[in-house]
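Data block for query-v2.cif (mmCIF, C-alpha atoms):
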data_upload
#
loop_
_atom_site.label_atom_id
_atom_site.label_comp_id
_atom_site.auth_asym_id
_atom_site.auth_seq_id
_atom_site.Cartn_x
_atom_site.Cartn_y
_atom_site.Cartn_z
CA MET P 270 28.71 21.88 67.36
CA PHE P 271 28.87 19.45 70.28
CA LYS P 272 25.97 21.22 72.00
CA ASN P 273 23.95 21.12 68.79
CA LEU P 274 24.71 17.42 68.42
CA VAL P 275 23.63 16.68 71.99
CA SER P 276 20.42 18.70 71.64
CA TRP P 277 19.66 16.99 68.32
CA ARG P 278 20.08 13.54 69.85
CA PHE P 279 18.07 14.55 72.90
CA PHE P 280 15.29 15.78 70.62
CA LEU P 281 15.28 12.43 68.79
CA VAL P 282 15.07 10.55 72.09
CA LEU P 283 12.13 12.72 73.19
CA ILE P 284 10.32 12.00 69.93
CA ALA P 285 10.99 8.27 70.33
CA VAL P 286 9.72 8.28 73.92
CA ALA P 287 6.59 10.20 72.87
CA ILE P 288 5.92 7.72 70.06
CA ILE P 289 6.35 4.73 72.34
CA ILE P 290 4.17 6.16 75.15
CA GLY P 291 1.48 7.08 72.63
CA SER P 292 1.69 3.62 71.05
CA VAL P 293 1.43 1.86 74.41
CA PHE P 294 -1.69 3.77 75.46
CA TYR P 295 -3.33 3.49 72.04
CA SER P 296 -2.49 -0.23 71.84
CA ARG P 297 -4.02 -0.78 75.29
CA TYR P 298 -7.13 1.11 74.19
CA LEU P 299 -7.44 -1.01 71.04
CA SER P 300 -6.74 -4.17 73.03
CA SER P 301 -9.52 -3.45 75.55
CA LYS P 302 -11.90 -2.61 72.71
CA LEU P 303 -11.01 -5.83 70.89
CA ALA P 304 -11.44 -7.81 74.13
CA LYS P 305 -15.03 -6.55 74.42
CA VAL P 306 -15.71 -7.49 70.80
CA GLU P 307 -14.31 -11.00 71.38
CA GLU P 308 -16.34 -11.36 74.56
CA SER P 309 -19.47 -10.42 72.62
CA GLN P 310 -18.56 -12.92 69.89
CA MET P 311 -18.12 -15.67 72.47
CA ASN P 312 -21.53 -14.90 74.01
CA ILE P 313 -23.14 -15.13 70.59
CA TRP P 314 -21.24 -18.35 69.92
CA ALA P 315 -22.40 -19.81 73.27
CA LYS P 316 -26.05 -18.98 72.49
CA ALA P 317 -25.67 -20.65 69.11
CA GLN P 318 -24.22 -23.74 70.80
CA GLN P 319 -27.06 -23.79 73.34
CA THR P 320 -29.60 -23.42 70.53
CA ILE P 321 -28.14 -26.43 68.74
CA VAL P 322 -28.28 -28.52 71.95
CA ASP P 323 -31.89 -27.48 72.82
CA ALA P 324 -33.38 -27.56 69.33
CA PRO P 325 -35.88 -30.35 68.57
CA GLN P 326 -35.25 -32.73 65.73
CA GLU P 327 -35.79 -31.51 62.17
CA SER P 328 -35.37 -27.86 63.24
CA ASN P 329 -33.70 -25.38 60.92
CA LEU P 330 -30.26 -24.89 62.50
CA ASP P 331 -28.44 -23.27 59.57
CA LEU P 332 -27.88 -19.97 61.37
CA PRO P 333 -26.62 -21.33 64.75
CA ILE P 334 -24.41 -23.86 62.94
CA LYS P 335 -22.99 -21.09 60.76
CA ILE P 336 -22.26 -18.97 63.85
CA SER P 337 -20.73 -21.96 65.65
CA THR P 338 -18.41 -22.96 62.81
CA GLU P 339 -17.28 -19.52 61.73
CA ASN P 340 -15.18 -18.89 64.84
CA ARG P 341 -11.68 -19.42 63.46
CA ASP P 342 -9.79 -16.90 65.59
CA ILE P 343 -10.61 -17.32 69.28
CA PRO P 344 -9.06 -20.47 70.85
CA ILE P 345 -11.51 -22.57 72.90
CA ILE P 346 -11.11 -25.57 75.23
CA GLU P 347 -14.20 -27.57 76.23
CA THR P 348 -14.26 -29.39 79.59
CA ASN P 349 -16.84 -31.36 81.57
CA GLU P 350 -18.02 -30.41 85.02
CA HIS P 351 -14.84 -31.92 86.50
CA ASP P 352 -12.62 -29.77 84.22
CA SER P 353 -11.49 -32.78 82.22
CA ILE P 354 -10.69 -31.68 78.69
CA VAL P 355 -13.27 -32.86 76.15
CA SER P 356 -12.24 -30.99 72.99
CA SER P 357 -10.44 -27.92 71.68
CA ASN P 358 -10.71 -25.55 68.78
CA ASN P 359 -8.36 -23.04 67.05
CA LEU P 360 -5.25 -24.36 68.80
CA ASP P 361 -1.99 -25.68 67.35
CA THR P 362 -2.74 -29.27 66.35
CA PHE P 363 0.95 -30.07 66.00
CA GLU P 364 1.68 -29.00 69.57
CA ILE P 365 -1.33 -30.99 70.81
CA LYS P 366 0.11 -34.15 69.25
CA GLU P 367 3.73 -33.55 70.27
CA ASP P 368 3.31 -32.08 73.77
CA PRO P 369 1.02 -33.96 76.17
CA THR P 370 0.93 -30.98 78.58
CA TYR P 371 0.13 -28.39 75.90
CA LEU P 372 -3.67 -28.43 76.40
CA LYS P 373 -3.37 -28.43 80.20
CA ASP P 374 -1.07 -25.43 80.09
CA LYS P 375 -3.41 -23.61 77.74
CA LEU P 376 -6.40 -24.44 79.94
CA SER P 377 -4.60 -23.02 82.98
CA SER P 378 -3.80 -19.85 81.01
CA PHE P 379 -7.41 -19.46 79.74
CA LYS P 380 -8.79 -19.78 83.27
CA LYS P 381 -6.72 -16.72 84.28
CA GLN P 382 -7.95 -14.68 81.32
CA HIS P 383 -11.74 -15.20 81.28
CA ALA P 384 -14.54 -16.78 83.25
CA PRO P 385 -15.89 -19.99 81.63
CA ILE P 386 -19.04 -20.12 79.53
CA TYR P 387 -21.51 -22.85 80.55
CA ILE P 388 -23.48 -24.86 77.99
CA ARG P 389 -26.30 -26.98 79.43
CA LEU P 390 -26.39 -30.46 77.89
CA SER P 391 -29.34 -31.89 79.89
CA ASP P 392 -31.72 -30.81 82.65
CA THR P 393 -32.31 -34.16 84.41
CA PRO P 394 -29.80 -34.76 85.66
CA LEU P 395 -28.23 -31.33 85.18
CA VAL P 396 -25.12 -31.68 83.00
CA GLU P 397 -23.13 -28.62 81.94
CA ASN P 398 -19.92 -28.42 80.00
CA LYS P 399 -17.59 -25.47 80.41
CA TYR P 400 -15.92 -23.55 77.62
CA TYR P 401 -12.73 -21.63 78.35
CA TYR P 402 -11.40 -19.24 75.77
CA GLY P 403 -8.22 -17.22 75.29
CA GLU P 404 -7.03 -14.33 73.21
CA SER P 405 -7.12 -14.30 69.45
CA ARG P 406 -3.89 -14.04 67.46
CA LEU P 407 -4.76 -10.45 66.61
CA GLN P 408 -5.09 -9.64 70.31
CA GLN P 409 -1.67 -11.18 71.03
CA GLU P 410 -0.03 -9.31 68.14
CA LEU P 411 -1.57 -6.07 69.33
CA ARG P 412 -0.05 -6.54 72.77
CA TYR P 413 3.48 -6.88 71.33
CA PHE P 414 3.06 -4.11 68.77
CA PRO P 415 4.57 -1.32 71.01
CA PHE P 416 7.72 -3.42 71.52
CA VAL P 417 8.06 -3.96 67.78
CA GLN P 418 7.59 -0.24 67.26
CA LEU P 419 10.16 0.52 69.97
CA PHE P 420 12.67 -1.68 68.16
CA ILE P 421 11.97 0.02 64.82
CA VAL P 422 12.24 3.53 66.29
CA ALA P 423 15.43 2.62 68.19
CA LEU P 424 16.92 1.13 65.02
CA PHE P 425 15.96 4.26 63.07
CA ILE P 426 17.59 6.53 65.67
CA ILE P 427 20.76 4.40 65.72
CA VAL P 428 20.99 4.56 61.92
CA LEU P 429 20.54 8.34 62.03
CA ILE P 430 23.20 8.78 64.72
CA VAL P 431 25.67 6.50 62.92
CA ALA P 432 25.04 8.34 59.64
CA GLU P 433 25.49 11.71 61.37
CA ARG P 434 28.70 10.59 63.07
CA ASN P 435 30.08 9.24 59.79
CA ALA P 436 29.19 12.50 58.05
CA SER P 437 30.82 14.48 60.86
CA LYS P 438 33.92 12.28 60.74
CA SER P 439 34.08 12.63 56.96
CA THR P 440 33.87 16.42 57.27
CA GLN P 441 36.55 16.36 59.96
CA ASN P 442 38.79 14.19 57.79
CA ARG P 443 38.41 16.56 54.84
CA LEU P 444 39.29 19.46 57.13
CA TRP P 445 42.37 17.61 58.39
CA VAL P 446 43.50 16.80 54.87
CA GLY P 447 42.86 20.34 53.64
CA MET P 448 44.81 21.90 56.52
CA ALA P 449 47.70 19.47 56.11
CA LYS P 450 48.04 19.97 52.35
CA GLU P 451 47.69 23.76 52.69
CA THR P 452 50.43 23.73 55.35
CA ALA P 453 52.71 21.72 53.05
CA HIS P 454 51.95 24.11 50.20
CA GLN P 455 52.64 27.20 52.32
CA LEU P 456 55.95 25.74 53.54
CA GLY P 457 57.13 24.95 50.03
CA THR P 458 57.84 28.53 48.92
CA PRO P 459 59.93 29.71 51.90
CA VAL P 460 61.85 26.41 52.00
CA SER P 461 62.79 26.77 48.34
CA SER P 462 63.83 30.35 49.01
CA LEU P 463 65.96 29.30 51.99
CA GLU P 464 67.70 26.68 49.86
CA GLY P 465 68.60 29.45 47.40
CA TRP P 466 69.94 31.69 50.13
CA SER P 467 71.94 28.77 51.54
CA GLU P 468 73.67 28.31 48.18
CA ILE P 469 74.52 32.01 48.11
CA LEU P 470 75.95 31.88 51.66
CA LYS P 471 78.20 28.94 50.69
CA ASN P 472 80.05 31.19 48.29
CA ILE P 473 80.80 33.79 50.98
CA ASN P 474 83.88 33.22 53.12
CA GLY P 475 83.35 32.90 56.85
CA ASN P 476 80.08 30.97 56.66
CA GLU P 477 81.63 27.49 56.67
CA THR P 478 80.26 26.65 60.13
CA ILE P 479 76.92 28.41 59.73
CA VAL P 480 75.73 26.98 56.39
CA PRO P 481 75.75 23.27 57.45
CA GLU P 482 73.52 24.13 60.39
CA ILE P 483 71.19 26.12 58.16
CA ASP P 484 71.07 23.17 55.74
CA LYS P 485 70.07 20.87 58.61
CA ASP P 486 67.16 23.13 59.48
CA ILE P 487 66.17 23.36 55.82
CA GLN P 488 66.15 19.56 55.55
CA ARG P 489 64.06 19.47 58.72
CA LEU P 490 61.54 21.87 57.20
CA LYS P 491 61.43 19.80 54.01
CA LEU P 492 60.76 16.69 56.11
CA ILE P 493 57.91 18.45 57.94
CA SER P 494 56.46 19.62 54.62
CA ASP P 495 56.71 16.08 53.24
CA ARG P 496 54.89 14.69 56.26
CA PHE P 497 52.01 17.12 55.90
CA ALA P 498 51.83 16.43 52.17
CA LYS P 499 51.34 12.72 52.85
CA ILE P 500 48.32 13.32 55.12
CA GLY P 501 45.18 12.49 53.16
CA SER P 502 46.96 10.49 50.47
CA ILE P 503 47.74 6.79 50.51
CA PRO P 504 51.39 6.55 51.63
CA LYS P 505 53.75 4.02 50.12
CA LEU P 506 54.63 1.40 52.73
CA GLU P 507 58.10 -0.13 52.54
CA GLU P 508 59.91 -2.80 54.51
CA LYS P 509 62.02 -0.89 57.03
CA ASP P 510 64.10 -1.81 60.06
CA ILE P 511 61.90 -0.07 62.63
CA VAL P 512 64.54 -0.54 65.34
CA ALA P 513 66.95 1.62 63.34
CA GLN P 514 64.16 4.09 62.58
CA ILE P 515 63.34 4.45 66.27
CA GLU P 516 67.00 4.70 67.33
CA ASN P 517 67.60 7.50 64.80
CA MET P 518 64.60 9.44 66.11
CA VAL P 519 65.67 8.87 69.72
CA GLU P 520 69.12 10.23 68.87
CA TYR P 521 67.54 13.29 67.24
CA ILE P 522 65.39 13.99 70.33
CA ARG P 523 68.26 13.20 72.75
CA LYS P 524 70.33 16.12 71.42
CA ARG P 525 67.45 18.49 72.17
CA ALA P 526 66.33 17.03 75.49
CA GLY P 527 69.18 18.09 77.76
CA GLY P 528 71.42 16.01 80.00
CA ASN P 529 68.79 15.27 82.67
CA VAL P 530 66.76 12.93 80.45
CA ARG P 531 67.96 9.35 79.99
CA PHE P 532 66.88 7.35 76.92
CA SER P 533 67.00 3.59 76.37
CA VAL P 534 65.95 1.35 73.49
CA ASP P 535 65.47 -2.39 74.07
CA ALA P 536 64.63 -4.46 70.97
CA THR P 537 64.14 -8.19 70.48
CA PRO P 538 64.90 -9.24 67.77
CA ASN P 539 67.17 -6.64 66.25
CA PRO P 540 66.86 -5.77 63.38
CA LEU P 541 63.05 -6.01 63.08
CA TYR P 542 61.27 -5.28 59.83
CA ALA P 543 57.78 -3.95 59.18
CA ALA P 544 55.95 -2.24 56.32
CA VAL P 545 55.89 1.47 57.19
CA SER P 546 55.99 4.89 55.64
CA ALA P 547 59.30 6.07 57.06
CA PRO P 548 58.51 9.83 57.26
CA LEU P 549 55.13 9.23 58.90
CA PHE P 550 56.40 6.54 61.27
CA ASP P 551 59.22 8.86 62.37
CA TRP P 552 56.58 11.51 63.01
CA VAL P 553 54.70 9.11 65.31
CA ILE P 554 57.79 8.31 67.37
CA GLU P 555 58.74 12.00 67.50
CA ASN P 556 55.29 12.98 68.77
CA LEU P 557 55.38 10.31 71.50
CA LEU P 558 58.89 11.30 72.59
CA LYS P 559 58.01 15.01 72.69
CA ASN P 560 54.90 14.27 74.75
CA ALA P 561 57.04 12.23 77.13
CA LEU P 562 59.49 15.12 77.49
CA ASP P 563 56.68 17.58 78.18
CA ALA P 564 55.30 15.25 80.87
CA MET P 565 58.68 15.04 82.67
CA ASP P 566 59.54 18.75 82.88
CA GLY P 567 63.06 18.24 81.60
CA GLN P 568 64.24 15.30 83.72
CA GLY P 569 63.53 11.58 84.01
CA ASN P 570 63.65 8.38 81.96
CA ILE P 571 62.23 7.45 78.59
CA ALA P 572 62.36 3.76 77.70
CA ILE P 573 61.33 2.20 74.39
CA LYS P 574 60.77 -1.55 74.35
CA ILE P 575 60.24 -3.33 71.03
CA ARG P 576 59.02 -6.93 70.95
CA GLN P 577 57.74 -9.29 68.28
CA ALA P 578 54.94 -11.79 68.96
CA ALA P 579 53.92 -13.10 65.53
CA PRO P 580 52.16 -11.71 63.66
CA ASP P 581 52.40 -8.48 65.66
CA ILE P 582 55.12 -6.06 66.71
CA PHE P 583 54.65 -4.24 70.02
CA ILE P 584 56.35 -0.90 70.65
CA ASP P 585 56.03 0.46 74.20
CA VAL P 586 57.10 4.05 74.88
CA THR P 587 57.35 4.61 78.65
CA ASP P 588 58.14 7.83 80.47
CA SER P 589 58.55 8.68 84.17
CA GLY P 590 56.45 11.83 83.93
CA LYS P 591 53.29 13.14 85.55
CA GLY P 592 50.99 10.43 84.21
CA ILE P 593 47.46 10.76 82.82
CA PRO P 594 44.36 10.61 85.04
CA TYR P 595 42.14 7.64 84.19
CA ALA P 596 39.25 9.89 83.17
CA GLN P 597 41.44 11.55 80.50
CA GLN P 598 43.13 8.47 79.05
CA LYS P 599 40.46 7.93 76.38
CA LYS P 600 40.49 11.63 75.45
CA VAL P 601 44.20 12.01 74.71
CA PHE P 602 43.74 11.08 71.02
CA THR P 603 40.79 13.45 70.55
CA PRO P 604 41.63 16.39 68.27
CA GLY P 605 41.92 19.58 70.31
CA PHE P 606 42.38 17.85 73.67
CA THR P 607 45.50 19.00 75.53
CA THR P 608 46.65 19.43 79.12
CA LYS P 609 49.38 21.89 78.12
CA LYS P 610 49.10 25.65 78.45
CA ARG P 611 50.24 25.93 74.86
CA GLY P 612 49.51 23.67 71.94
CA TRP P 613 46.70 22.70 69.61
CA GLY P 614 46.14 19.18 70.90
CA LEU P 615 46.76 17.67 67.46
CA GLY P 616 49.96 15.65 67.96
CA LEU P 617 48.44 12.48 69.39
CA ALA P 618 45.39 12.78 67.13
CA LEU P 619 47.70 12.77 64.10
CA THR P 620 49.67 9.92 65.64
CA LYS P 621 46.53 7.81 65.97
CA ARG P 622 45.46 8.58 62.41
CA ILE P 623 48.89 7.65 61.00
CA ILE P 624 49.06 4.32 62.88
CA GLU P 625 45.46 3.18 62.43
CA GLU P 626 44.48 4.49 59.00
CA TYR P 627 47.78 4.41 57.13
CA HIS P 628 49.57 1.49 58.82
CA HIS P 629 46.48 -0.54 59.83
CA GLY P 630 47.84 -0.89 63.35
CA ASP P 631 46.70 0.25 66.78
CA ILE P 632 47.85 2.73 69.42
CA PHE P 633 46.54 3.21 72.93
CA VAL P 634 47.47 4.09 76.49
CA LYS P 635 48.69 0.80 77.89
CA THR P 636 49.21 2.00 81.46
CA SER P 637 49.33 5.32 83.24
CA GLU P 638 49.48 6.35 86.88
CA VAL P 639 49.43 9.90 88.13
CA GLY P 640 52.91 10.77 89.40
CA ASN P 641 54.51 7.56 88.02
CA GLY P 642 54.47 7.98 84.26
CA THR P 643 52.72 6.63 81.18
CA THR P 644 53.21 3.85 78.65
CA PHE P 645 51.88 4.19 75.09
CA ARG P 646 51.70 0.99 73.05
CA ILE P 647 51.89 0.77 69.25
CA VAL P 648 50.87 -2.47 67.54
CA LEU P 649 52.06 -3.11 63.97
CA LYS P 650 51.99 -6.11 61.66
CA ALA P 651 55.37 -7.73 61.28
#

If you convert what's in this file into structure tokens, what do you get?
Amino acid sequence: MFKNLVSWRFFLVLIAVAIIIGSVFYSRYLSSKLAKVEESQMNIWAKAQQTIVDAPQESNLDLPIKISTENRDIPIIETNEHDSIVSSNNLDTFEIKEDPTYLKDKLSSFKKQHAPIYIRLSDTPLVENKYYYGESRLQQELRYFPFVQLFIVALFIIVLIVAERNASKSTQNRLWVGMAKETAHQLGTPVSSLEGWSEILKNINGNETIVPEIDKDIQRLKLISDRFAKIGSIPKLEEKDIVAQIENMVEYIRKRAGGNVRFSVDATPNPLYAAVSAPLFDWVIENLLKNALDAMDGQGNIAIKIRQAAPDIFIDVTDSGKGIPYAQQKKVFTPGFTTKKRGWGLGLALTKRIIEEYHHGDIFVKTSEVGNGTTFRIVLKA
């Protein structure tokens, strides 16, 4: 799927690049063609102006006047032989009034674009005015058209990618929810059966020490089933003392960690209340503690520090294990990613989902150094 996604995006980029390159070349072709048309129009306009100047009195000048006055697109600046500005046409009259350098700047720009057109005013002495002209508005818009098209194509591709990612995420979420609820459903039958067998064993002498341990495991299975059942549904958040919640989970893990692992919980203030779903929050802490144990190979220190800085609560889980390379720190919450020889790589992905989607908090790798351990930080609202 990832390869298909990459190839699909690459194909879109190729199409976009082809469209932009084609647009640039075609726009340049149209621009050069339009420039020739405008140059021809200016030559006709200049001949009309010269005809008006040279015509004797009472001549019929309707056609040259019509040609002269119908230029409403191409900007023109008229100067004398010393390049002093005499008049202008088709330029922003507001800018001319407000900015005293506007016409001079335009004249400098027109000189770079085209050679001037000379109109002879008299033969003796010879007096010629010069007419500088620039690009029409259509010519300017045509030049920027490829950039506008680039923006539109880029926006279109971004919308497609975002829509595809949202669709993929939605599909992934439905898969997660389906797997979780199916797991809870599958666990329900054997757990109920085990409870029945436990009741039968209670009535048989000699099982007094065995049955309580079986009941503990049954309760553990029921808790796991309840956790999976809550995935995909909106959990009920209740005000809980999260310090007590964490200490209970630490005590549970301590009994299974062995004597070479030292645990510590430091909380300020204590107790500290937050709105959580107790079964799911316990699952988060359990996952982090188990990951810490796996990283330490059975010996080391696990420290949990809980602090409140209104309106947030910060929970730091620090281990003295192998650490996470920098390149992998952003991948640890990705479903399927794992550095273990065994495992599905779902624990931290579930942890992130529980904290961010159900508790509206945040979880991330605060610090990690290879050989010196890792600190995960959870942020909750007090």

I'd like the contact shell of region 395-407 of chain P - 9 Å cut-off, all atoms listed in the file, skipping same-chain residues fewer than 4 positions apart - returned as a PyMOL selection string. chain P and resi 303-304+307+311+315+342-352+355+375-376+378-380+382-391+411-412

Shortest interatomic distance to Asp392 (chain P) - which of P:Val431, P:Val586, P:Val322, P:Ala513, counting all atoms listed in the file: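 Smallest distance to Asp392 (chain P) is found for P:Val322.
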
Using all atoms listed in the file, find the one residue out of P:Asn312, P:Thr458, P:Ser546, P:Asn435 that sits nearest to Tyr627 (chain P). P:Ser546

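Residue nearest Arg525 (chain P), chosen from P:Ile500, P:Ala547, P:Leu562, P:Leu490 and counting all atoms listed in the file: P:Leu562.
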
Residue with smallest distance to Lys650 (chain P) - pool P:Gly475, P:Pro580, P:Gly567, P:Pro481, counting only C-alpha atoms: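 Closest residue, counting only C-alpha atoms: P:Pro580.
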
Under the PyMOL selection byres ((chain P and resi 460) around 12), which residues of this model are included? Write them out as a list in words.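 Written out, the selection comes to Ala453, His454, Gln455, Leu456, Gly457, Thr458, Pro459, Ser461, Ser462, Leu463, Glu464, Gly465, Trp466, Ser467, Ile483, Asp484, Lys485, Asp486, Ile487, Gln488, Arg489, Leu490, Lys491, Leu492, Ile493, Ser494 and Asp495 of chain P.
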
Test item: the PyMOL selection byres ((chain P and resi 549) around 12) resolved as a PyMOL selection string: chain P and resi 492-507+514+518+544-548+550-556+619-628

Spell out the residues picked by the PyMOL selection byres ((chain P and resi 540) around 9) here, as number ranges by chain. P: 510-513, 536-539, 541-542

Name all residues at most 12 Å from Ile336 (chain P) (count only C-alpha atoms; drop same-chain ones fewer than 3 positions away) and give them as JSON, numbers by chain. {"P": [310, 311, 312, 313, 314, 315, 316, 317, 318, 319, 320, 321, 330, 331, 332, 333, 339, 340, 341]}

C-alpha atoms of the current selection, written as a PDB file, in the frame of the given file:
ATOM      1  CA  GLN P 310     -18.560 -12.920  69.890  1.00  0.00           C
ATOM      2  CA  MET P 311     -18.120 -15.670  72.470  1.00  0.00           C
ATOM      3  CA  ASN P 312     -21.530 -14.900  74.010  1.00  0.00           C
ATOM      4  CA  ILE P 313     -23.140 -15.130  70.590  1.00  0.00           C
ATOM      5  CA  TRP P 314     -21.240 -18.350  69.920  1.00  0.00           C
ATOM      6  CA  ALA P 315     -22.400 -19.810  73.270  1.00  0.00           C
ATOM      7  CA  LYS P 316     -26.050 -18.980  72.490  1.00  0.00           C
ATOM      8  CA  ALA P 317     -25.670 -20.650  69.110  1.00  0.00           C
ATOM      9  CA  GLN P 318     -24.220 -23.740  70.800  1.00  0.00           C
ATOM     10  CA  GLN P 319     -27.060 -23.790  73.340  1.00  0.00           C
ATOM     11  CA  THR P 320     -29.600 -23.420  70.530  1.00  0.00           C
ATOM     12  CA  ILE P 321     -28.140 -26.430  68.740  1.00  0.00           C
ATOM     13  CA  LEU P 330     -30.260 -24.890  62.500  1.00  0.00           C
ATOM     14  CA  ASP P 331     -28.440 -23.270  59.570  1.00  0.00           C
ATOM     15  CA  LEU P 332     -27.880 -19.970  61.370  1.00  0.00           C
ATOM     16  CA  PRO P 333     -26.620 -21.330  64.750  1.00  0.00           C
ATOM     17  CA  GLU P 339     -17.280 -19.520  61.730  1.00  0.00           C
ATOM     18  CA  ASN P 340     -15.180 -18.890  64.840  1.00  0.00           C
ATOM     19  CA  ARG P 341     -11.680 -19.420  63.460  1.00  0.00           C
TER      20      ARG P 341
END

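Taking CA of Ala618 (chain P) as the reference point, CA of Lys600 (chain P) is found at 9.7 Å.
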
Would you mind reading off the distance between CA of Leu419 (chain P) and CA of Ile289 (chain P), one decimal, in Å?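 For CA of Leu419 (chain P) relative to CA of Ile289 (chain P), the distance reads 6.2 Å.
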
Who sits within 8 Å of Thr643 (chain P), all atoms listed in the file, same chain under 4 positions skipped, as number ranges by chain: P: 587-593, 634-638

Output region 364-376 of chain P as a PDB file, keeping the file's coordinate frame, making sure N, CA and C atoms are there.
ATOM      1  N   GLU P 364       1.275 -29.028  68.162  1.00  0.00           N
ATOM      2  CA  GLU P 364       1.680 -29.000  69.570  1.00  0.00           C
ATOM      3  C   GLU P 364       0.834 -29.958  70.400  1.00  0.00           C
ATOM      4  N   ILE P 365      -0.455 -30.074  70.072  1.00  0.00           N
ATOM      5  CA  ILE P 365      -1.330 -30.990  70.810  1.00  0.00           C
ATOM      6  C   ILE P 365      -0.835 -32.424  70.689  1.00  0.00           C
ATOM      7  N   LYS P 366      -0.372 -32.782  69.480  1.00  0.00           N
ATOM      8  CA  LYS P 366       0.110 -34.150  69.250  1.00  0.00           C
ATOM      9  C   LYS P 366       1.470 -34.380  69.892  1.00  0.00           C
ATOM     10  N   GLU P 367       2.351 -33.379  69.816  1.00  0.00           N
ATOM     11  CA  GLU P 367       3.730 -33.550  70.270  1.00  0.00           C
ATOM     12  C   GLU P 367       3.910 -33.334  71.767  1.00  0.00           C
ATOM     13  N   ASP P 368       3.137 -32.439  72.363  1.00  0.00           N
ATOM     14  CA  ASP P 368       3.310 -32.080  73.770  1.00  0.00           C
ATOM     15  C   ASP P 368       2.078 -32.473  74.576  1.00  0.00           C
ATOM     16  N   PRO P 369       2.182 -33.498  75.411  1.00  0.00           N
ATOM     17  CA  PRO P 369       1.020 -33.960  76.170  1.00  0.00           C
ATOM     18  C   PRO P 369       0.510 -32.940  77.198  1.00  0.00           C
ATOM     19  N   THR P 370       1.353 -31.975  77.580  1.00  0.00           N
ATOM     20  CA  THR P 370       0.930 -30.980  78.580  1.00  0.00           C
ATOM     21  C   THR P 370       0.440 -29.678  77.938  1.00  0.00           C
ATOM     22  N   TYR P 371       0.465 -29.633  76.604  1.00  0.00           N
ATOM     23  CA  TYR P 371       0.130 -28.390  75.900  1.00  0.00           C
ATOM     24  C   TYR P 371      -1.282 -27.917  76.249  1.00  0.00           C
ATOM     25  N   LEU P 372      -2.276 -28.824  76.133  1.00  0.00           N
ATOM     26  CA  LEU P 372      -3.670 -28.430  76.400  1.00  0.00           C
ATOM     27  C   LEU P 372      -3.877 -28.052  77.863  1.00  0.00           C
ATOM     28  N   LYS P 373      -3.227 -28.753  78.774  1.00  0.00           N
ATOM     29  CA  LYS P 373      -3.370 -28.430  80.200  1.00  0.00           C
ATOM     30  C   LYS P 373      -2.798 -27.040  80.504  1.00  0.00           C
ATOM     31  N   ASP P 374      -1.673 -26.756  79.887  1.00  0.00           N
ATOM     32  CA  ASP P 374      -1.070 -25.430  80.090  1.00  0.00           C
ATOM     33  C   ASP P 374      -1.956 -24.328  79.526  1.00  0.00           C
ATOM     34  N   LYS P 375      -2.513 -24.581  78.343  1.00  0.00           N
ATOM     35  CA  LYS P 375      -3.410 -23.610  77.740  1.00  0.00           C
ATOM     36  C   LYS P 375      -4.666 -23.417  78.585  1.00  0.00           C
ATOM     37  N   LEU P 376      -5.206 -24.522  79.096  1.00  0.00           N
ATOM     38  CA  LEU P 376      -6.400 -24.440  79.940  1.00  0.00           C
ATOM     39  C   LEU P 376      -6.133 -23.591  81.181  1.00  0.00           C
TER      40      LEU P 376
END
